[in-house]
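Report on one structure; see the data block that follows.
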Amino acid sequence: MGPPILSQAAPVPAAPAVSALAAKVLDGVRITPDEALTLHRQADLATLAYLADEVRWRKHPEPVVTYIVDRNLNPTNVCITDCGFCAFYARPNDTGKAYVLDRETIYAKIQETIDVGGVQILMQGGHHPYLKVDWFEELLGDIKARWPDLHLHAMSPPEIDHLAKISKISTRETIRRLAAAGMDSIPGGGAEILVDEVRAIMAPKKTSSDDWLRIMREAHEEGLRTTVTMMFGHIETDAHRIEHLRRVRELQDDTGGFTAFIDWTFQPGGNPMGAELLRRGWRKTTHAEYFRTTAVARIFLDNIDNLQASFVTQGADAAAVSLRMGCNDFGSAMLEENVVSSAGCFELVAIDDIEARIRAAGFVPRQRNQRYEIVDARGPAPTAEELARVGAAATGRHTRETACA
Ligand code: SF4
């Protein structure tokens, strides 16, 4: 018998309530929103990480972490919604900053993406007052005519809401028309925190919580898969975060349409809300808080398979650590990022670097598509050589020494 692997021992939960909840999670029993709040408030980070990692292995027994090669494409930054946290947009009359990309520029960006093996365009942008649904139908249709196999992950719920309003049609009709034109799936942007008392302060003109969820429900009913996001670490409380997760889990119970949950922290640069918060002595959310919240999300959202690490806001090192705190996906090897980078936070990570970080965390990297199917030339299953290289076993259990490398 070899020496005991001491690092495989689970951390001892501190409080009785946490201890009982930890046992419940390890037994695979769904926790309530109140219990999630207790975990968020009282569990130490090591316990949360351990539990989230256990849930992650249950859902993804193979030691594989996925990522996608794609490009963010923002056709316009013109917006009339004036979210307080946004450093990306320009008012329509801001001639120095406002733009609408012409077709040739869009085509060149897409071709560049495809040339490096990209399989998807993530298209989101501002709420332009004059670009109605027919403008986007034409754009999506033109792109699909040139690149039929390119996946268009496009138009978040607030954009659909805005297009429906200015085009004087329903949101369901907007979804149908955009899908018919080439929209393959819908990104979960614009969720921020799905609690209206929070939205009323940070984005009073934006789609309400109920409408955001209703539009996602409609998209799922129309056969589209979507992601869901949460931007936290600003004016919300921990209870607001749990309420956001509760509403997401409820919708997922009904439709099963969310492919992934993606959370990230608010970035204060270049936007009025950030300036005001900093003036009042607010401090940027720590990595530890990001890890806590992400771990609680993984534990609570037992009906969403994929959790994406946010290397754009946390940096590649912290994103790699989060792979042992519930995340099973490294997000996107983005060729372009405009929205978060406008707030002063942007880390462009090359494919080689992404793969190196994934391996350092003890996993085998694989490229995926938007449906989280592996589309990697190396094949879906890790080879024995790859497993040996990262110190993992084919059955999915790491040696714990590789945790959080
Ligand atoms: S976050 Fe989106 S909707 Fe809000 S101001 Fe920025 S571009 Fe407009």
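Naming works like this for the structure tokens: A, B, ... for the chains as they're shown, residue 1 at the start of each chain, ligands 1 onward in shown order.
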
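Environment of ligand 1, defined as every protein or nucleic acid residue with an atom within 7 Å of it and counting only C-alpha atoms and all ligand atoms, comprises Asn77, Cys79, Ile80, Thr81, Asp82, Cys83, Cys86, Ala87, Phe88, Tyr89, Gly125, Gly126, His127, Pro158, Gly190, Ala203 and Lys206 of chain A.
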
*Write out as a count of residues only all residues of region 58-287 of chain A that DSSP puts in strand (DSSP E) for this structure's backbone.*
36

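By only C-alpha atoms, and with residues fewer than 3 positions from region 365-378 of chain A along its chain excluded, the set lying at most 6 Å from it is Val64, Val65, Thr66, Tyr67, Ile68 and Glu355 of chain A.
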
*May I have the residues within 8 Å of region 298-315 of chain A as a PyMOL selection string, using only C-alpha atoms and disregarding those fewer than 2 positions away in the same chain?*
chain A and resi 25+30-33+36+51-52+55-56+59+245+249+252-253+256+258-265+267+287+294-296+317-320+322-323+326-331+340+345-348

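Across the structure, CA of Ile351 (chain A) and CA of Gly257 (chain A) are spaced 28.5 Å apart.
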
*asked:* Please list as a PyMOL selection string every residue within 6 Å of Gln120 (chain A), counting only C-alpha atoms and excluding residues in the same chain fewer than 3 positions away.
replied: chain A and resi 70+150-152

Selection above as a file: N, CA, C and O atoms, as a PDB file, in the first residue's frame:
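Output saved as out.pdb:
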```
ATOM      1  N   ASP A  70     -13.771  31.533 -31.449  1.00  0.00           N
ATOM      2  CA  ASP A  70     -14.788  32.378 -32.088  1.00  0.00           C
ATOM      3  C   ASP A  70     -14.357  33.838 -32.057  1.00  0.00           C
ATOM      4  O   ASP A  70     -13.221  34.148 -31.696  1.00  0.00           O
ATOM      5  N   LEU A 150     -21.089  28.390 -40.548  1.00  0.00           N
ATOM      6  CA  LEU A 150     -20.683  29.219 -39.417  1.00  0.00           C
ATOM      7  C   LEU A 150     -21.850  29.348 -38.437  1.00  0.00           C
ATOM      8  O   LEU A 150     -22.981  29.650 -38.834  1.00  0.00           O
ATOM      9  N   HIS A 151     -21.570  29.129 -37.151  1.00  0.00           N
ATOM     10  CA  HIS A 151     -22.631  29.225 -36.138  1.00  0.00           C
ATOM     11  C   HIS A 151     -22.783  30.683 -35.717  1.00  0.00           C
ATOM     12  O   HIS A 151     -21.816  31.330 -35.298  1.00  0.00           O
ATOM     13  N   LEU A 152     -23.994  31.178 -35.798  1.00  0.00           N
ATOM     14  CA  LEU A 152     -24.264  32.568 -35.391  1.00  0.00           C
ATOM     15  C   LEU A 152     -24.967  32.566 -34.038  1.00  0.00           C
ATOM     16  O   LEU A 152     -26.147  32.228 -33.915  1.00  0.00           O
TER      17      LEU A 152
END
```

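Nearest to Tyr290 (chain A) of all the residues A:Gly270, A:Leu48, A:Leu278, A:Thr207 is A:Leu48, counting only C-alpha atoms.
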
*Among region 80-175 of chain A, which ones does DSSP place in alpha helix (DSSP H), written as a ChimeraX atom specification?*
/A:103-115,133-146,157-167,171-175
